[in-house]
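**Q** Contents are PDB, C-alpha atoms; file name final.pdb:
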```pdb
MODEL        1
ATOM      1  CA  MET A   1     156.705-179.482-167.277
ATOM      2  CA  ASP A   2     154.680-182.108-169.157
ATOM      3  CA  TRP A   3     154.472-184.045-165.901
ATOM      4  CA  ILE A   4     151.640-181.723-164.795
ATOM      5  CA  ARG A   5     149.437-182.764-167.731
ATOM      6  CA  ALA A   6     150.380-186.420-167.346
ATOM      7  CA  THR A   7     149.696-186.358-163.608
ATOM      8  CA  ALA A   8     146.303-184.650-163.956
ATOM      9  CA  VAL A   9     145.175-187.037-166.701
ATOM     10  CA  ASP A  10     146.569-190.096-164.879
ATOM     11  CA  GLN A  11     144.873-189.063-161.629
ATOM     12  CA  LEU A  12     141.480-188.808-163.322
ATOM     13  CA  GLY A  13     142.094-192.004-165.302
ATOM     14  CA  PHE A  14     143.005-193.956-162.178
ATOM     15  CA  TYR A  15     139.828-192.782-160.443
ATOM     16  CA  TRP A  16     137.736-193.572-163.514
ATOM     17  CA  ASP A  17     139.209-197.061-164.050
ATOM     18  CA  ASN A  18     139.373-198.162-160.422
ATOM     19  CA  THR A  19     136.519-196.394-158.663
ATOM     20  CA  LEU A  20     133.843-194.578-160.640
ATOM     21  CA  TRP A  21     133.349-196.790-163.700
ATOM     22  CA  PRO A  22     133.395-200.102-161.770
ATOM     23  CA  ARG A  23     130.972-198.583-159.227
ATOM     24  CA  LEU A  24     128.447-197.972-162.012
ATOM     25  CA  ARG A  25     128.256-201.597-163.181
ATOM     26  CA  GLY A  26     124.775-203.090-163.083
ATOM     27  CA  LEU A  27     122.932-199.759-162.894
ATOM     28  CA  THR A  28     119.250-200.260-163.719
ATOM     29  CA  ASP A  29     116.683-197.767-164.944
ATOM     30  CA  ASP A  30     114.775-198.063-161.659
ATOM     31  CA  GLU A  31     117.892-197.222-159.684
ATOM     32  CA  TYR A  32     118.893-194.466-162.128
ATOM     33  CA  PHE A  33     115.636-192.594-161.485
ATOM     34  CA  TRP A  34     115.129-193.660-157.829
ATOM     35  CA  GLU A  35     114.182-190.744-155.566
ATOM     36  CA  PRO A  36     115.327-191.536-152.018
ATOM     37  CA  VAL A  37     113.295-188.637-150.541
ATOM     38  CA  PRO A  38     110.501-186.375-151.772
ATOM     39  CA  GLY A  39     111.592-183.277-153.666
ATOM     40  CA  CYS A  40     114.729-184.730-155.277
ATOM     41  CA  TRP A  41     116.308-183.077-158.246
ATOM     42  CA  SER A  42     116.439-185.473-161.158
ATOM     43  CA  VAL A  43     116.287-185.607-164.947
ATOM     44  CA  ARG A  44     112.764-184.930-166.240
ATOM     45  CA  PRO A  45     110.987-183.943-169.455
ATOM     46  CA  ASP A  46     110.670-180.212-170.082
ATOM     47  CA  ALA A  47     107.731-178.556-171.847
ATOM     48  CA  ALA A  48     109.119-179.670-175.229
ATOM     49  CA  GLY A  49     109.612-183.265-174.061
ATOM     50  CA  ASN A  50     113.417-183.070-173.834
ATOM     51  CA  LEU A  51     114.989-184.622-170.755
ATOM     52  CA  VAL A  52     116.749-181.938-168.714
ATOM     53  CA  SER A  53     118.277-181.745-165.242
ATOM     54  CA  ASP A  54     116.331-179.986-162.510
ATOM     55  CA  ASN A  55     118.161-176.848-161.429
ATOM     56  CA  ALA A  56     117.727-173.304-160.218
ATOM     57  CA  PRO A  57     118.911-170.083-161.816
ATOM     58  CA  PRO A  58     122.398-168.995-160.671
ATOM     59  CA  GLY A  59     122.191-167.266-157.317
ATOM     60  CA  GLN A  60     118.801-168.820-156.564
ATOM     61  CA  GLU A  61     119.923-172.308-155.555
ATOM     62  CA  PRO A  62     118.002-173.694-152.579
ATOM     63  CA  ASP A  63     119.740-173.789-149.219
ATOM     64  CA  PRO A  64     120.254-176.533-148.290
ATOM     65  CA  PRO A  65     120.608-178.015-151.778
ATOM     66  CA  PRO A  66     118.094-180.733-152.637
ATOM     67  CA  VAL A  67     118.961-184.417-152.579
ATOM     68  CA  THR A  68     119.647-185.604-156.113
ATOM     69  CA  THR A  69     119.026-188.828-157.989
ATOM     70  CA  LEU A  70     121.658-190.940-159.683
ATOM     71  CA  ALA A  71     120.302-189.600-162.990
ATOM     72  CA  TRP A  72     121.031-186.045-161.857
ATOM     73  CA  ARG A  73     124.521-186.863-160.506
ATOM     74  CA  ILE A  74     125.624-188.924-163.504
ATOM     75  CA  ASN A  75     124.484-186.240-165.925
ATOM     76  CA  HIS A  76     126.058-183.547-163.770
ATOM     77  CA  ILE A  77     129.442-185.232-164.203
ATOM     78  CA  ALA A  78     128.846-186.079-167.869
ATOM     79  CA  VAL A  79     127.673-182.598-168.836
ATOM     80  CA  GLY A  80     128.943-180.238-166.130
ATOM     81  CA  CYS A  81     132.394-181.726-165.742
ATOM     82  CA  PHE A  82     133.251-183.260-169.099
ATOM     83  CA  HIS A  83     130.919-182.503-172.013
ATOM     84  CA  ILE A  84     130.689-178.714-171.882
ATOM     85  CA  ARG A  85     134.415-178.366-171.191
ATOM     86  CA  ALA A  86     135.332-180.748-174.031
ATOM     87  CA  SER A  87     132.885-178.976-176.357
ATOM     88  CA  THR A  88     134.380-175.604-175.449
ATOM     89  CA  PHE A  89     138.057-176.472-175.742
ATOM     90  CA  PHE A  90     138.184-179.568-177.962
ATOM     91  CA  GLY A  91     134.966-179.322-179.957
ATOM     92  CA  ASP A  92     134.475-180.163-183.592
ATOM     93  CA  GLY A  93     133.493-176.591-184.463
ATOM     94  CA  SER A  94     129.758-177.245-184.237
ATOM     95  CA  GLY A  95     129.491-175.220-181.028
ATOM     96  CA  PRO A  96     129.348-171.427-181.091
ATOM     97  CA  ALA A  97     132.797-169.825-181.266
ATOM     98  CA  ASP A  98     131.737-167.123-178.795
ATOM     99  CA  ALA A  99     130.509-169.602-176.159
ATOM    100  CA  ASP A 100     132.444-169.855-172.919
ATOM    101  CA  MET A 101     132.543-173.072-170.910
ATOM    102  CA  PHE A 102     129.358-172.215-169.005
ATOM    103  CA  ASP A 103     127.296-171.379-172.074
ATOM    104  CA  PRO A 104     124.132-173.521-172.144
ATOM    105  CA  ARG A 105     124.519-173.927-175.916
ATOM    106  CA  HIS A 106     127.124-176.613-175.118
ATOM    107  CA  VAL A 107     124.534-178.689-173.227
ATOM    108  CA  PRO A 108     122.815-181.440-175.242
ATOM    109  CA  ALA A 109     119.173-180.645-176.037
ATOM    110  CA  SER A 110     118.042-183.852-174.315
ATOM    111  CA  LEU A 111     119.774-185.985-171.715
ATOM    112  CA  PRO A 112     119.784-189.798-171.660
ATOM    113  CA  GLY A 113     116.511-191.476-170.717
ATOM    114  CA  THR A 114     117.872-194.830-169.567
ATOM    115  CA  ALA A 115     120.703-195.990-167.335
ATOM    116  CA  ALA A 116     122.474-197.641-170.280
ATOM    117  CA  GLU A 117     122.251-194.473-172.385
ATOM    118  CA  ALA A 118     123.466-192.373-169.462
ATOM    119  CA  LEU A 119     126.488-194.589-168.863
ATOM    120  CA  ASP A 120     127.349-194.514-172.561
ATOM    121  CA  PHE A 121     127.039-190.708-172.577
ATOM    122  CA  LEU A 122     129.159-190.430-169.429
ATOM    123  CA  ARG A 123     131.863-192.675-170.911
ATOM    124  CA  ARG A 124     131.937-190.782-174.224
ATOM    125  CA  SER A 125     132.045-187.409-172.445
ATOM    126  CA  TYR A 126     134.882-188.572-170.189
ATOM    127  CA  GLU A 127     136.856-189.895-173.152
ATOM    128  CA  TRP A 128     136.337-186.664-175.121
ATOM    129  CA  TRP A 129     137.663-184.605-172.191
ATOM    130  CA  ARG A 130     140.564-186.992-171.455
ATOM    131  CA  ASP A 131     141.597-187.296-175.099
ATOM    132  CA  GLY A 132     141.459-183.516-175.480
ATOM    133  CA  LEU A 133     143.777-183.053-172.517
ATOM    134  CA  LEU A 134     146.146-185.681-173.916
ATOM    135  CA  SER A 135     146.232-183.864-177.264
ATOM    136  CA  MET A 136     147.598-180.696-175.654
ATOM    137  CA  SER A 137     151.243-179.815-175.496
ATOM    138  CA  ALA A 138     152.808-178.941-172.165
ATOM    139  CA  GLU A 139     152.877-175.311-173.259
ATOM    140  CA  GLU A 140     149.155-175.324-174.150
ATOM    141  CA  PHE A 141     148.361-176.959-170.809
ATOM    142  CA  GLU A 142     150.075-174.076-169.017
ATOM    143  CA  THR A 143     148.602-171.253-171.126
ATOM    144  CA  PRO A 144     145.731-169.164-169.688
ATOM    145  CA  LEU A 145     142.332-170.256-170.998
ATOM    146  CA  GLY A 146     141.254-166.830-172.176
ATOM    147  CA  PRO A 147     137.633-165.730-172.638
ATOM    148  CA  ARG A 148     136.294-169.262-173.218
ATOM    149  CA  GLY A 149     137.396-170.040-169.648
ATOM    150  CA  SER A 150     134.925-167.508-168.192
ATOM    151  CA  PHE A 151     136.035-166.742-164.627
ATOM    152  CA  PHE A 152     138.931-169.197-165.155
ATOM    153  CA  ALA A 153     140.205-166.991-168.040
ATOM    154  CA  GLU A 154     143.508-166.165-166.345
ATOM    155  CA  GLN A 155     144.058-169.760-165.200
ATOM    156  CA  PRO A 156     145.835-172.384-167.291
ATOM    157  CA  MET A 157     144.171-175.587-168.475
ATOM    158  CA  ALA A 158     146.143-177.338-165.730
ATOM    159  CA  GLN A 159     144.092-175.482-163.110
ATOM    160  CA  LEU A 160     140.818-176.331-164.839
ATOM    161  CA  ALA A 161     141.812-179.995-165.240
ATOM    162  CA  LEU A 162     142.562-180.294-161.522
ATOM    163  CA  HIS A 163     139.257-178.586-160.697
ATOM    164  CA  ILE A 164     137.376-181.036-162.942
ATOM    165  CA  ASN A 165     139.173-183.932-161.245
ATOM    166  CA  ARG A 166     138.102-182.684-157.825
ATOM    167  CA  GLU A 167     134.493-182.243-158.968
ATOM    168  CA  THR A 168     134.435-185.725-160.504
ATOM    169  CA  PHE A 169     135.790-187.334-157.330
ATOM    170  CA  HIS A 170     133.296-185.439-155.169
ATOM    171  CA  HIS A 171     130.236-186.282-157.246
ATOM    172  CA  GLY A 172     131.463-189.827-157.854
ATOM    173  CA  GLY A 173     131.517-190.374-154.088
ATOM    174  CA  GLU A 174     127.914-189.191-153.929
ATOM    175  CA  ILE A 175     127.016-191.670-156.660
ATOM    176  CA  GLY A 176     128.585-194.452-154.602
ATOM    177  CA  LEU A 177     126.578-193.447-151.539
ATOM    178  CA  LEU A 178     123.312-193.301-153.483
ATOM    179  CA  ARG A 179     123.983-196.783-154.865
ATOM    180  CA  ASP A 180     124.672-198.047-151.321
ATOM    181  CA  LEU A 181     121.420-196.532-150.047
ATOM    182  CA  TYR A 182     119.429-197.975-152.943
ATOM    183  CA  ARG A 183     120.906-201.428-152.356
ATOM    184  CA  ALA A 184     120.267-201.207-148.593
ATOM    185  CA  GLY A 185     116.613-200.394-149.232
ATOM    186  CA  ASN A 186     116.255-203.320-151.606
ATOM    187  CA  PRO A 187     117.149-206.404-149.547
ATOM    188  CA  GLN A 188     116.703-208.757-152.510
ATOM    189  CA  TRP A 189     120.181-207.678-153.619
TER     190      TRP A 189
ENDMDL
END
```
How does this structure look as structure tokens?
**A**
Amino acid sequence: MDWIRATAVDQLGFYWDNTLWPRLRGLTDDEYFWEPVPGCWSVRPDAAGNLVSDNAPPGQEPDPPPVTTLAWRINHIAVGCFHIRASTFFGDGSGPADADMFDPRHVPASLPGTAAEALDFLRRSYEWWRDGLLSMSAEEFETPLGPRGSFFAEQPMAQLALHINRETFHHGGEIGLLRDLYRAGNPQW
């Protein structure tokens, strides 16, 4: 049933190559950090000076959720969809062996501070995830994730891959909308 792995990877690759990555061309630092309304979640320095994403503790998320910046959305895909999953399942051994895919120890200490750095980080995170999926056998792709999968433990990698695809498409659409709104508010474009 290797077609499942191939289809999941091809689906994400098609979206990446034809929609998300082209949509990010020309991103500037001003646009990356643009806050379309007051109170946006973004990427900001913490007390130690590291750039981190605004968030709320689990179960304490605001309702409705805040509007987010492109910086927040891009890093959400880079970290929340690709990086922590790749680190968990395809890491180089530098991450903690006991860390599941939601463990904050997989998150980089500081996020990118410019649009160019963010796009490079997003691309590298995507490639790490994609290449990890491609390295799996059909049998591995269909095997339950186990404890590192957290509440996905009983699900196979195929289920997680499809979930990550859906999340990437969803947040990528939001990125496209934010870019449209930024451009519409800047008539010099």
**Q** Run the PyMOL selection byres ((chain A and resi 159-170) around 8) on the file and write out the hits as a PyMOL selection string.
**A** chain A and resi 8-9+11-12+15+77+81-82+152+155-158+171-174
**Q** Applying the PyMOL selection byres ((chain A and resi 80) around 12) to the file I just gave you, which residues come out? Please list them as a PyMOL selection string.
**A** chain A and resi 53+72-79+81-88+101-104+106-108+122+125-126+129+163-165+167-168+171
**Q** Go ahead and dump the residues you just picked, C-alpha atoms, as a PDB file, in the frame of the given file.
**A**
```pdb
ATOM      1  CA  SER A  53     118.277-181.745-165.242  1.00  0.00           C
ATOM      2  CA  TRP A  72     121.031-186.045-161.857  1.00  0.00           C
ATOM      3  CA  ARG A  73     124.521-186.863-160.506  1.00  0.00           C
ATOM      4  CA  ILE A  74     125.624-188.924-163.504  1.00  0.00           C
ATOM      5  CA  ASN A  75     124.484-186.240-165.925  1.00  0.00           C
ATOM      6  CA  HIS A  76     126.058-183.547-163.770  1.00  0.00           C
ATOM      7  CA  ILE A  77     129.442-185.232-164.203  1.00  0.00           C
ATOM      8  CA  ALA A  78     128.846-186.079-167.869  1.00  0.00           C
ATOM      9  CA  VAL A  79     127.673-182.598-168.836  1.00  0.00           C
ATOM     10  CA  CYS A  81     132.394-181.726-165.742  1.00  0.00           C
ATOM     11  CA  PHE A  82     133.251-183.260-169.099  1.00  0.00           C
ATOM     12  CA  HIS A  83     130.919-182.503-172.013  1.00  0.00           C
ATOM     13  CA  ILE A  84     130.689-178.714-171.882  1.00  0.00           C
ATOM     14  CA  ARG A  85     134.415-178.366-171.191  1.00  0.00           C
ATOM     15  CA  ALA A  86     135.332-180.748-174.031  1.00  0.00           C
ATOM     16  CA  SER A  87     132.885-178.976-176.357  1.00  0.00           C
ATOM     17  CA  THR A  88     134.380-175.604-175.449  1.00  0.00           C
ATOM     18  CA  MET A 101     132.543-173.072-170.910  1.00  0.00           C
ATOM     19  CA  PHE A 102     129.358-172.215-169.005  1.00  0.00           C
ATOM     20  CA  ASP A 103     127.296-171.379-172.074  1.00  0.00           C
ATOM     21  CA  PRO A 104     124.132-173.521-172.144  1.00  0.00           C
ATOM     22  CA  HIS A 106     127.124-176.613-175.118  1.00  0.00           C
ATOM     23  CA  VAL A 107     124.534-178.689-173.227  1.00  0.00           C
ATOM     24  CA  PRO A 108     122.815-181.440-175.242  1.00  0.00           C
ATOM     25  CA  LEU A 122     129.159-190.430-169.429  1.00  0.00           C
ATOM     26  CA  SER A 125     132.045-187.409-172.445  1.00  0.00           C
ATOM     27  CA  TYR A 126     134.882-188.572-170.189  1.00  0.00           C
ATOM     28  CA  TRP A 129     137.663-184.605-172.191  1.00  0.00           C
ATOM     29  CA  HIS A 163     139.257-178.586-160.697  1.00  0.00           C
ATOM     30  CA  ILE A 164     137.376-181.036-162.942  1.00  0.00           C
ATOM     31  CA  ASN A 165     139.173-183.932-161.245  1.00  0.00           C
ATOM     32  CA  GLU A 167     134.493-182.243-158.968  1.00  0.00           C
ATOM     33  CA  THR A 168     134.435-185.725-160.504  1.00  0.00           C
ATOM     34  CA  HIS A 171     130.236-186.282-157.246  1.00  0.00           C
TER      35      HIS A 171
END
```
**Q** Using only C-alpha atoms, which of the listed residues (A:Ala99, A:Ile4, A:Leu70, A:Cys40) sits closest to Asp180 of chain A?
**A** A:Leu70
**Q** Rank nothing, just name the residue among A:Asp29, A:Asp131, A:Asp17, A:Glu142 nearest to Ala71 of chain A, using only C-alpha atoms.
**A**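 Of all the options, A:Asp29 lies closest to Ala71 of chain A.
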**Q** If I take atom CA of Val43 of chain A and atom CA of Arg130 of chain A, how far is one from the other in Å, to one decimal?
**A**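 Spanning atom CA of Val43 of chain A to atom CA of Arg130 of chain A is a straight-line distance of 25.2 Å.
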**Q** Take the PyMOL selection byres ((chain A and resi 33) around 10), run it mentally on this structure, and tell me the resulting residues as a list in words.
**A**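 When the PyMOL selection byres ((chain A and resi 33) around 10) is applied, the selected residues are Thr28, Asp29, Asp30, Glu31, Tyr32, Trp34, Glu35, Pro36, Ser42, Val43, Arg44, Thr68, Thr69, Leu70, Ala71, Trp72, Gly113, Thr114 and Ala115 of chain A.
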**Q** Output C-alpha atoms for every residue in that selection, as a compact mmCIF listing (two decimals), in the frame of the given file.
**A**
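File selection.txt, as written:
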```txt
# COMPACT_ATOMS: atom_id res chain seq x y z
CA THR A 28 119.25 -200.26 -163.72
CA ASP A 29 116.68 -197.77 -164.94
CA ASP A 30 114.78 -198.06 -161.66
CA GLU A 31 117.89 -197.22 -159.68
CA TYR A 32 118.89 -194.47 -162.13
CA TRP A 34 115.13 -193.66 -157.83
CA GLU A 35 114.18 -190.74 -155.57
CA PRO A 36 115.33 -191.54 -152.02
CA SER A 42 116.44 -185.47 -161.16
CA VAL A 43 116.29 -185.61 -164.95
CA ARG A 44 112.76 -184.93 -166.24
CA THR A 68 119.65 -185.60 -156.11
CA THR A 69 119.03 -188.83 -157.99
CA LEU A 70 121.66 -190.94 -159.68
CA ALA A 71 120.30 -189.60 -162.99
CA TRP A 72 121.03 -186.04 -161.86
CA GLY A 113 116.51 -191.48 -170.72
CA THR A 114 117.87 -194.83 -169.57
CA ALA A 115 120.70 -195.99 -167.34
```
**Q** When distances are computed from only C-alpha atoms, which of A:Asp100, A:Arg105, A:Asp120, A:Gly132 shows the smallest separation from Gly146 of chain A?
**A**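 Counting only C-alpha atoms, the residue closest to Gly146 of chain A is A:Asp100.
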**Q** Determine the nearest neighbour of Ala97 of chain A from the options A:Glu127, A:Pro57, A:Ala138, A:Arg148, counting only C-alpha atoms.
**A**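 Residue with the minimum atom-to-atom distance to Ala97 of chain A: A:Arg148.
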**Q** For Phe141 of chain A, which residue among A:Gly49, A:Tyr182, A:Pro62, A:Phe89 is the nearest when counting only C-alpha atoms?
**A**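 With only C-alpha atoms as the atom set, the closest residue is A:Phe89.
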**Q** Box in all listed atoms of segment 94-98 of chain A, axis-aligned, with 4 Å more on each side; write out centre and edge lengths in Å to one decimal as AutoDock Vina command-line options.
**A**
```
--center_x 131.1 --center_y -172.2 --center_z -181.5 --size_x 11.4 --size_y 18.1 --size_z 13.4
```
**Q** Identify, on the basis of only C-alpha atoms, every residue whose closest approach to Leu24 of chain A does not exceed 9 Å; exclude the query and any residue fewer than 4 positions from it along the same chain; express the result as a list in words.
**A**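 In the requested format, the answer is Thr19, Leu20, Leu119, Ile175, Gly176 and Arg179 of chain A.
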**Q** Calculate how many Å separate atom CA of Trp41 of chain A from atom CA of Leu111 of chain A, rounding to one decimal.
**A** 14.2 Å
**Q** Which is closest to Leu181 of chain A among A:Asp2, A:Pro64, A:Pro112, A:Val37, if we use only C-alpha atoms?
**A**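 Smallest distance to Leu181 of chain A is found for A:Val37.
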**Q** What is the distance, in Å and to one decimal place, between atom CA of Glu139 of chain A and atom CA of Ala6 of chain A?
**A**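 Going from atom CA of Glu139 of chain A over to atom CA of Ala6 of chain A covers 12.8 Å.
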